[in-house]
$ cat start02.txt   # compact mmCIF, C-alpha atoms and all ligand atoms
# COMPACT_ATOMS: atom_id res chain seq x y z
CA MET O 1 70.47 101.17 26.96
CA LEU O 2 68.20 101.41 29.93
CA THR O 3 68.75 104.39 32.10
CA VAL O 4 67.25 104.19 35.52
CA VAL O 5 66.69 107.76 36.54
CA LEU O 6 66.73 107.86 40.26
CA PRO O 7 65.30 110.81 42.13
CA PRO O 8 67.87 113.13 43.74
CA GLY O 9 69.25 111.98 47.07
CA GLY O 10 66.86 112.63 49.90
CA ALA O 11 63.76 112.49 47.75
CA VAL O 12 61.30 109.89 48.86
CA PRO O 13 59.32 108.56 45.94
CA PRO O 14 56.74 105.83 46.24
CA LEU O 15 58.64 102.72 45.26
CA ARG O 16 56.71 99.74 44.26
CA LEU O 17 56.33 97.17 41.61
CA GLN O 18 53.35 94.96 41.78
CA ILE O 19 52.10 91.98 39.92
CA GLY O 20 48.35 92.33 40.32
CA GLU O 21 45.60 90.28 41.83
CA LYS O 22 44.66 88.55 38.64
CA TYR O 23 48.21 87.52 38.27
CA MET O 24 48.44 86.39 41.88
CA ASN O 25 45.24 84.40 41.53
CA LYS O 26 46.64 81.99 39.07
CA ASP O 27 47.19 79.52 41.84
CA ASP O 28 46.34 76.56 39.69
CA GLN O 29 49.17 77.44 37.36
CA THR O 30 52.64 76.15 37.85
CA LEU O 31 55.40 78.67 38.31
CA GLU O 32 56.71 77.72 34.92
CA ALA O 33 53.36 78.37 33.25
CA GLU O 34 53.10 81.74 34.98
CA LEU O 35 56.56 82.70 33.86
CA ASP O 36 55.82 81.56 30.31
CA GLU O 37 52.66 83.63 30.15
CA MET O 38 54.41 86.68 31.54
CA ASN O 39 57.32 86.31 29.15
CA GLU O 40 54.97 85.90 26.24
CA ARG O 41 53.24 89.16 27.09
CA ILE O 42 56.55 90.97 27.62
CA ASP O 43 57.77 89.69 24.24
CA ALA O 44 54.58 90.90 22.55
CA VAL O 45 54.77 94.35 24.14
CA SER O 46 58.49 94.59 23.32
CA GLN O 47 57.66 93.90 19.71
CA GLU O 48 54.92 96.48 19.64
CA ARG O 49 57.16 99.04 21.34
CA PRO O 50 60.79 98.42 20.44
CA SER O 51 61.80 101.64 22.20
CA HIS O 52 60.65 100.10 25.51
CA LYS O 53 62.59 96.89 25.03
CA GLU O 54 65.39 97.68 27.49
CA VAL O 55 63.13 98.75 30.27
CA LEU O 56 60.86 95.76 29.67
CA GLY O 57 63.93 93.55 29.91
CA PHE O 58 64.66 95.01 33.33
CA LEU O 59 61.04 94.46 34.32
CA ARG O 60 61.27 90.85 33.15
CA ASP O 61 64.27 90.23 35.42
CA VAL O 62 62.57 91.82 38.41
CA LEU O 63 59.21 90.11 37.92
CA THR O 64 60.88 86.75 37.37
CA GLU O 65 62.68 87.02 40.71
CA LYS O 66 59.51 88.11 42.46
CA LEU O 67 57.51 85.26 40.98
CA LYS O 68 60.15 82.73 41.90
CA ALA O 69 60.05 84.02 45.48
CA LYS O 70 56.30 83.48 45.81
CA PRO O 71 56.04 79.73 46.53
CA GLY O 72 58.44 79.85 49.45
CA ILE O 73 56.82 82.73 51.32
CA GLN O 74 55.54 82.07 54.83
CA VAL O 75 52.68 84.19 56.10
CA ASP O 76 50.66 83.95 59.30
CA ALA O 77 47.03 82.94 59.31
CA VAL O 78 44.95 86.07 59.76
CA HIS O 79 41.58 86.12 61.42
CA MET O 80 39.56 89.30 61.59
CA ASP O 81 37.08 89.64 64.41
CA GLU O 82 33.62 90.62 63.11
CA LYS O 83 33.26 93.59 65.46
CA LEU O 84 36.65 94.97 64.54
CA LEU O 85 35.86 94.37 60.88
CA GLN O 86 32.68 96.45 61.09
CA LEU O 87 34.49 99.21 62.93
CA LYS O 88 37.27 99.33 60.35
CA LYS O 89 34.75 99.49 57.51
CA LYS O 90 32.81 102.26 59.22
CA GLU O 91 35.88 104.35 59.97
CA GLY O 92 37.53 103.69 56.62
CA PHE O 93 40.55 101.89 58.07
CA SER O 94 42.28 99.32 55.93
CA LEU O 95 42.18 95.74 57.24
CA VAL O 96 45.82 95.74 58.29
CA ASN O 97 48.68 98.03 58.99
CA LYS O 98 51.66 96.73 57.06
CA LYS O 99 53.98 97.34 60.00
CA ASP O 100 51.92 94.98 62.19
CA LEU O 101 52.33 92.01 59.87
CA ASN O 102 54.81 89.28 60.60
CA LEU O 103 57.35 89.51 57.77
CA ASP O 104 59.10 86.53 56.27
CA ILE O 105 62.55 88.06 56.61
CA SER O 106 64.31 85.07 55.12
CA SER O 107 62.41 85.20 51.82
CA ALA O 108 62.66 89.00 51.68
CA THR O 109 66.43 88.77 52.23
CA THR O 110 66.85 86.25 49.42
CA LEU O 111 64.77 88.38 47.06
CA PHE O 112 66.63 91.55 48.07
CA LYS O 113 69.92 89.95 47.07
CA ARG O 114 68.51 88.70 43.78
CA LEU O 115 67.13 92.12 42.94
CA CYS O 116 70.59 93.54 43.68
CA GLU O 117 71.93 91.22 40.99
CA CYS O 118 69.30 92.51 38.53
CA LEU O 119 70.34 96.08 39.25
CA ARG O 120 74.04 95.29 39.03
CA GLN O 121 73.58 94.96 35.25
CA ASN O 122 72.87 98.67 35.07
CA GLU O 123 76.06 100.67 35.05
CA ARG O 124 74.42 103.73 36.56
CA VAL O 125 73.72 101.92 39.78
CA SER O 126 76.18 99.02 39.84
CA GLU O 127 78.59 100.81 42.19
CA ASP O 128 75.75 101.64 44.54
CA VAL O 129 74.77 97.99 44.57
CA ASP O 130 78.36 97.06 45.46
CA ARG O 131 78.24 99.46 48.39
CA ILE O 132 74.95 97.90 49.56
CA SER O 133 76.47 94.39 49.41
CA GLN O 134 79.52 95.53 51.34
CA ALA O 135 77.34 97.24 53.93
CA ILE O 136 75.36 94.03 54.46
CA GLU O 137 78.51 91.96 54.82
CA GLY O 138 80.20 94.47 57.10
CA GLY O 139 77.13 94.88 59.28
CA ALA O 140 76.50 98.52 58.40
CA LEU O 141 73.16 97.58 56.85
CA ASP O 142 70.79 95.36 58.78
CA LEU O 143 68.23 93.95 56.36
CA THR O 144 65.76 92.92 59.07
CA GLU O 145 65.72 96.48 60.33
CA LEU O 146 65.45 97.80 56.78
CA PHE O 147 62.40 95.63 56.05
CA GLU O 148 60.69 96.59 59.27
CA LYS O 149 61.28 100.27 58.57
CA ALA O 150 60.06 99.86 55.00
CA ALA O 151 56.86 98.16 56.20
CA ALA O 152 56.35 101.04 58.60
CA GLU O 153 56.98 103.50 55.73
CA ASP O 154 59.72 105.14 57.75
CA ARG O 155 61.02 107.48 55.06
CA ALA O 156 63.43 109.26 57.38
CA TYR O 157 65.28 106.00 58.09
CA MET O 158 65.54 105.21 54.38
CA VAL O 159 66.94 108.63 53.60
CA GLU O 160 69.39 108.43 56.49
CA VAL O 161 70.76 105.04 55.38
CA SER O 162 70.86 106.12 51.73
CA VAL O 163 72.89 109.18 52.64
CA LYS O 164 75.19 107.14 54.92
CA LEU O 165 75.90 104.63 52.15
CA LYS O 166 76.03 107.35 49.47
CA LEU O 167 73.23 105.73 47.49
CA GLN O 168 71.22 107.36 44.77
CA GLY O 169 67.83 108.51 45.93
CA GLY O 170 65.35 105.77 45.22
CA LEU O 171 67.55 102.70 45.13
CA LEU O 172 67.17 101.43 48.68
CA PHE O 173 63.41 102.04 48.60
CA PHE O 174 63.11 100.11 45.39
CA LEU O 175 64.99 97.13 46.80
CA ALA O 176 63.29 97.09 50.18
CA GLU O 177 59.76 97.57 48.95
CA ASN O 178 60.02 95.12 46.08
CA SER O 179 61.57 92.52 48.37
CA LEU O 180 58.57 92.81 50.67
CA GLN O 181 55.91 93.02 48.05
CA PRO O 182 55.38 89.27 47.45
CA ILE O 183 54.83 88.96 51.21
CA PHE O 184 52.13 91.64 51.16
CA GLU O 185 50.59 89.99 48.11
CA ALA O 186 50.46 86.70 50.00
CA TYR O 187 48.73 88.41 52.95
CA ALA O 188 46.27 90.05 50.54
CA GLN O 189 45.33 86.61 49.28
CA LYS O 190 44.44 85.60 52.83
CA LEU O 191 42.62 88.82 53.65
CA LYS O 192 40.62 89.47 50.52
CA GLU O 193 37.67 87.41 51.76
CA TYR O 194 37.02 90.12 54.36
CA VAL O 195 36.56 92.87 51.80
CA ASP O 196 33.14 93.80 50.48
CA GLN O 197 33.77 95.34 47.07
CA GLU O 198 30.42 97.13 47.10
CA GLU O 199 31.12 98.87 50.39
CA TRP O 200 34.59 100.35 50.22
CA TRP O 201 34.80 102.85 47.32
CA ARG O 202 37.77 104.69 48.79
CA SER O 203 40.91 105.86 47.07
CA TYR O 204 43.25 103.63 49.12
CA CYS O 205 43.52 99.88 49.36
CA PRO O 206 40.94 98.25 51.66
CA ILE O 207 43.51 95.63 52.66
CA CYS O 208 46.78 97.48 53.25
CA GLY O 209 45.87 101.17 52.86
CA SER O 210 48.30 101.90 50.01
CA LYS O 211 47.65 104.07 46.99
CA PRO O 212 46.73 102.73 43.56
CA VAL O 213 49.37 102.35 40.88
CA MET O 214 46.96 101.86 37.98
CA ALA O 215 43.29 101.38 37.22
CA GLU O 216 41.43 98.97 35.01
CA LEU O 217 37.99 98.74 33.44
CA ILE O 218 36.45 95.30 33.45
CA GLY O 219 33.59 93.73 31.52
CA HIS O 220 30.95 95.15 29.19
CA GLU O 221 29.88 97.57 31.90
CA ARG O 222 33.45 98.79 32.24
CA LYS O 223 33.45 98.51 36.00
CA LYS O 224 36.41 100.40 37.35
CA PHE O 225 38.95 98.89 39.71
CA LEU O 226 42.01 100.46 41.29
CA ILE O 227 45.10 98.27 41.60
CA CYS O 228 47.04 98.48 44.86
CA SER O 229 50.64 99.58 44.45
CA CYS O 230 51.68 97.39 47.37
CA CYS O 231 49.64 94.21 47.79
CA GLY O 232 48.21 94.03 44.26
CA TYR O 233 44.60 93.86 45.45
CA GLU O 234 42.05 95.35 43.07
CA TRP O 235 39.05 97.21 44.42
CA ARG O 236 35.97 98.92 42.99
CA PHE O 237 36.03 102.64 42.45
CA MET O 238 33.90 105.30 40.83
CA ARG O 239 34.46 106.01 37.15
CA THR O 240 34.70 109.77 37.47
CA LYS O 241 36.41 110.40 40.75
CA CYS O 242 40.05 111.26 41.33
CA PRO O 243 41.78 108.30 43.03
CA PHE O 244 44.14 110.68 44.78
CA CYS O 245 42.29 113.78 45.96
CA GLU O 246 38.85 112.16 45.67
CA ASN O 247 37.54 115.12 43.72
CA GLU O 248 34.16 114.20 42.25
CA GLU O 249 33.54 117.15 39.95
CA ARG O 250 32.92 115.59 36.58
CA ARG O 251 34.30 118.59 34.71
CA ALA O 252 37.61 118.32 36.53
CA PHE O 253 38.05 114.73 35.44
CA LYS O 254 39.33 114.27 31.90
CA TYR O 255 41.08 111.56 30.00
CA PHE O 256 43.03 111.14 26.83
CA PHE O 257 44.37 108.29 24.74
CA THR O 258 46.52 108.12 21.65
CA GLU O 259 45.47 106.89 18.27
CA GLU O 260 48.41 104.52 18.24
CA ASP O 261 47.53 102.82 21.51
CA GLY O 262 43.80 102.89 20.86
CA LYS O 263 41.19 102.87 23.58
CA ALA O 264 42.77 100.11 25.65
CA PHE O 265 45.05 102.62 27.38
CA ARG O 266 43.88 105.92 28.67
CA VAL O 267 45.36 108.55 30.90
CA GLU O 268 42.83 109.88 33.38
CA THR O 269 43.65 113.29 34.75
CA CYS O 270 42.38 115.41 37.60
CA GLN O 271 42.29 119.13 36.95
CA LYS O 272 42.12 119.82 40.64
CA CYS O 273 45.25 118.06 41.97
CA LYS O 274 46.94 117.75 38.56
CA ARG O 275 47.69 114.08 39.08
CA TYR O 276 46.86 111.26 36.71
CA ILE O 277 46.42 107.52 36.60
CA LYS O 278 46.75 105.19 33.66
CA THR O 279 43.69 103.04 33.11
CA VAL O 280 43.57 99.88 31.05
CA ASP O 281 40.31 98.85 29.43
CA THR O 282 40.80 95.10 29.62
CA GLU O 283 37.93 94.47 27.17
CA GLU O 284 39.77 96.50 24.56
CA LEU O 285 43.14 95.02 25.43
CA ASP O 286 42.06 91.53 24.47
CA GLU O 287 45.25 90.05 25.93
CA ALA O 288 46.25 88.59 29.25
CA PHE O 289 46.51 91.57 31.59
CA PHE O 290 49.70 92.00 33.58
CA PRO O 291 49.48 95.41 35.25
CA SER O 292 53.24 95.98 35.56
CA VAL O 293 53.91 94.90 32.00
CA GLU O 294 51.17 97.13 30.58
CA ASP O 295 52.35 99.94 32.82
CA VAL O 296 55.96 99.79 31.70
CA GLY O 297 54.88 99.09 28.12
CA SER O 298 52.98 102.37 28.09
CA LEU O 299 55.59 104.64 29.61
CA HIS O 300 55.28 106.91 26.58
CA LEU O 301 51.87 107.90 27.96
CA ASP O 302 53.57 109.00 31.15
CA VAL O 303 55.85 111.20 29.08
CA LEU O 304 52.79 112.76 27.42
CA ALA O 305 51.04 113.28 30.73
CA LYS O 306 54.13 114.90 32.18
CA LYS O 307 54.33 117.25 29.19
CA GLU O 308 50.74 118.23 29.86
CA GLY O 309 51.70 119.21 33.38
CA TYR O 310 50.40 116.21 35.33
CA THR O 311 52.33 114.28 37.93
CA ARG O 312 52.34 110.60 38.69
CA GLU O 313 51.70 109.48 42.25
CA VAL O 314 53.18 105.96 42.19
CA HIS O 315 55.74 104.88 39.60
CA PRO O 316 55.61 101.44 37.99
CA LEU O 317 58.97 100.14 39.13
CA GLY O 318 59.06 102.47 42.07
CA LEU O 319 61.55 104.32 39.94
CA ASP O 320 61.15 107.13 37.47
CA LEU O 321 62.06 105.40 34.24
CA GLU O 322 63.08 107.61 31.39
CA ASP O 323 65.04 107.38 28.16
CA ILE O 324 62.23 105.54 26.43
ZN ZN I 401 47.00 96.89 49.21
ZN ZN I 402 42.74 114.88 42.09
$ encode --input "start02.txt" --output "structure tokens"
Amino acid sequence: MLTVVLPPGGAVPPLRLQIGEKYMNKDDQTLEAELDEMNERIDAVSQERPSHKEVLGFLRDVLTEKLKAKPGIQVDAVHMDEKLLQLKKKEGFSLVNKKDLNLDISSATTLFKRLCECLRQNERVSEDVDRISQAIEGGALDLTELFEKAAAEDRAYMVEVSVKLKLQGGLLFFLAENSLQPIFEAYAQKLKEYVDQEEWWRSYCPICGSKPVMAELIGHERKKFLICSCCGYEWRFMRTKCPFCENEERRAFKYFFTEEDGKAFRVETCQKCKRYIKTVDTEELDEAFFPSVEDVGSLHLDVLAKKEGYTREVHPLGLDLEDI
């Protein structure tokens, strides 16, 4: 069975699950077609990796809810003044601060409750989920406040509420951040026209400022893109530069892949900060690319990286998933 290993109480892990810009861009597709394509890929990966089947099943539930939430999301029109835009570019500020965005609380609330139902299937956290539901009903947990604090990355608030409700470490973060994520993805769609891919080259998202969850290589030239852990935007980055500490020493940047996975999946490591990122060579993959699905489908590479002494900055489901 799937075991969701939550960090110890008080720990504040990055908690996100994203769908990816390519995925978001399929605007011409109906929701049904998107779901079909996603399910097809999850089925294929499950077949290739039977040991990951449970965790992929959990991912399927979560992604399905997030996709279903997408059409109903309301976001404000965003206009960026040219002067401000130039200043932000020059100073390396992301286009927006997540906490300044108007959040569609109603859609986030609906998704939060649906994600609770997904988690309720897991016996390790089902009692925690019951306590969350009771807290919402009894007024001890205000979801609007929770979302605002999550957008502001107020870790102290999250820890305080988690302790008060006796919740396992990462649970509340997972729910809050994943409930908001489709909203940030919708904003990214509106804001991406303001980004110049050839000018940014930084290790954080040009739109929302978040860290990358994965990287991908695109085309014959293998251009590298980092994938935002929050809004799903993908931006250009150097091939041999650490996306976390920005170390540029070529010797300190190594990668490995397994014979079984082939060259489509590689683990890129930084000898300086000892962190790593998984990179998918989409030319080698030769399949529709769903970042979250490929990420969860290659969790065995995370186990290898961990054994080699590297740490992961942002986890795929916002949760440390083991027992794979
Ligand atoms: Zn972003
Ligand atoms: Zn580094």
$ residues_around --input "start02.txt" --residues "region 206-220 of chain O" --least-positions-apart "6" --cutoff "7 Å" --atoms "all atoms listed in the file" --output "PDB file with C-alpha atoms, in the coordinates of the input"
ATOM      1  CA  SER O  94      42.280  99.320  55.930  1.00  0.00           C
ATOM      2  CA  LEU O  95      42.180  95.740  57.240  1.00  0.00           C
ATOM      3  CA  VAL O  96      45.820  95.740  58.290  1.00  0.00           C
ATOM      4  CA  ASN O  97      48.680  98.030  58.990  1.00  0.00           C
ATOM      5  CA  LYS O  98      51.660  96.730  57.060  1.00  0.00           C
ATOM      6  CA  ALA O 188      46.270  90.050  50.540  1.00  0.00           C
ATOM      7  CA  LEU O 191      42.620  88.820  53.650  1.00  0.00           C
ATOM      8  CA  VAL O 195      36.560  92.870  51.800  1.00  0.00           C
ATOM      9  CA  TRP O 200      34.590 100.350  50.220  1.00  0.00           C
ATOM     10  CA  LEU O 226      42.010 100.460  41.290  1.00  0.00           C
ATOM     11  CA  ILE O 227      45.100  98.270  41.600  1.00  0.00           C
ATOM     12  CA  CYS O 228      47.040  98.480  44.860  1.00  0.00           C
ATOM     13  CA  SER O 229      50.640  99.580  44.450  1.00  0.00           C
ATOM     14  CA  CYS O 230      51.680  97.390  47.370  1.00  0.00           C
ATOM     15  CA  CYS O 231      49.640  94.210  47.790  1.00  0.00           C
ATOM     16  CA  ILE O 277      46.420 107.520  36.600  1.00  0.00           C
ATOM     17  CA  LYS O 278      46.750 105.190  33.660  1.00  0.00           C
ATOM     18  CA  THR O 279      43.690 103.040  33.110  1.00  0.00           C
ATOM     19  CA  VAL O 280      43.570  99.880  31.050  1.00  0.00           C
ATOM     20  CA  ASP O 281      40.310  98.850  29.430  1.00  0.00           C
ATOM     21  CA  THR O 282      40.800  95.100  29.620  1.00  0.00           C
ATOM     22  CA  GLU O 283      37.930  94.470  27.170  1.00  0.00           C
ATOM     23  CA  VAL O 314      53.180 105.960  42.190  1.00  0.00           C
ATOM     24  CA  HIS O 315      55.740 104.880  39.600  1.00  0.00           C
ATOM     25  CA  PRO O 316      55.610 101.440  37.990  1.00  0.00           C
TER      26      PRO O 316
END
$ residues_near_ligand --input "start02.txt" --ligand "ligand ZN 402 (chain I)" --cutoff "6 Å" --atoms "all atoms listed in the file" --output "JSON, numbers by chain"
{"O": [242, 244, 245, 246, 247, 270, 272, 273, 275]}
$ closest_residue --input "start02.txt" --among "O:Lys192, O:Lys70, O:Lys83, O:His300" --to "ligand ZN 401 (chain I)" --atoms "all atoms listed in the file"
O:Lys192
$ closest_residue --input "start02.txt" --among "O:Tyr233, O:Tyr276, O:Phe225, O:Phe173" --to "ligand ZN 401 (chain I)" --atoms "only C-alpha atoms and all ligand atoms"
O:Tyr233
$ closest_residue --input "start02.txt" --among "O:Thr311, O:Arg222, O:Phe257, O:Gln189" --to "ligand ZN 401 (chain I)" --atoms "all atoms listed in the file"
O:Gln189
$ atom_distance --input "start02.txt" --atom1 "CA of Ala186 (chain O)" --atom2 "CA of Arg155 (chain O)"
23.9 Å
$ residues_around --input "start02.txt" --residues "region 44-47 of chain O" --least-positions-apart "6" --cutoff "10 Å" --atoms "all atoms listed in the file" --output "tab-separated table (two decimals) with C-alpha atoms, in the coordinates of the input"
chain	number	residue	atom	x	y	z
O	38	MET	CA	54.41	86.68	31.54
O	53	LYS	CA	62.59	96.89	25.03
O	54	GLU	CA	65.39	97.68	27.49
O	55	VAL	CA	63.13	98.75	30.27
O	56	LEU	CA	60.86	95.76	29.67
O	57	GLY	CA	63.93	93.55	29.91
O	287	GLU	CA	45.25	90.05	25.93
O	293	VAL	CA	53.91	94.90	32.00
O	294	GLU	CA	51.17	97.13	30.58
O	296	VAL	CA	55.96	99.79	31.70
O	297	GLY	CA	54.88	99.09	28.12
O	298	SER	CA	52.98	102.37	28.09
$ closest_residue --input "start02.txt" --among "O:Ser106, O:Ala252, O:Thr258, O:Tyr187" --to "ligand ZN 401 (chain I)" --atoms "only C-alpha atoms and all ligand atoms"
O:Tyr187
$ closest_residue --input "start02.txt" --among "O:Ala152, O:Glu248, O:Thr30, O:Phe290" --to "Arg60 (chain O)" --atoms "all atoms listed in the file"
O:Phe290
$ closest_residue --input "start02.txt" --among "O:Ile105, O:Lys113, O:Leu167, O:Ile73" --to "Glu137 (chain O)" --atoms "all atoms listed in the file"
O:Lys113
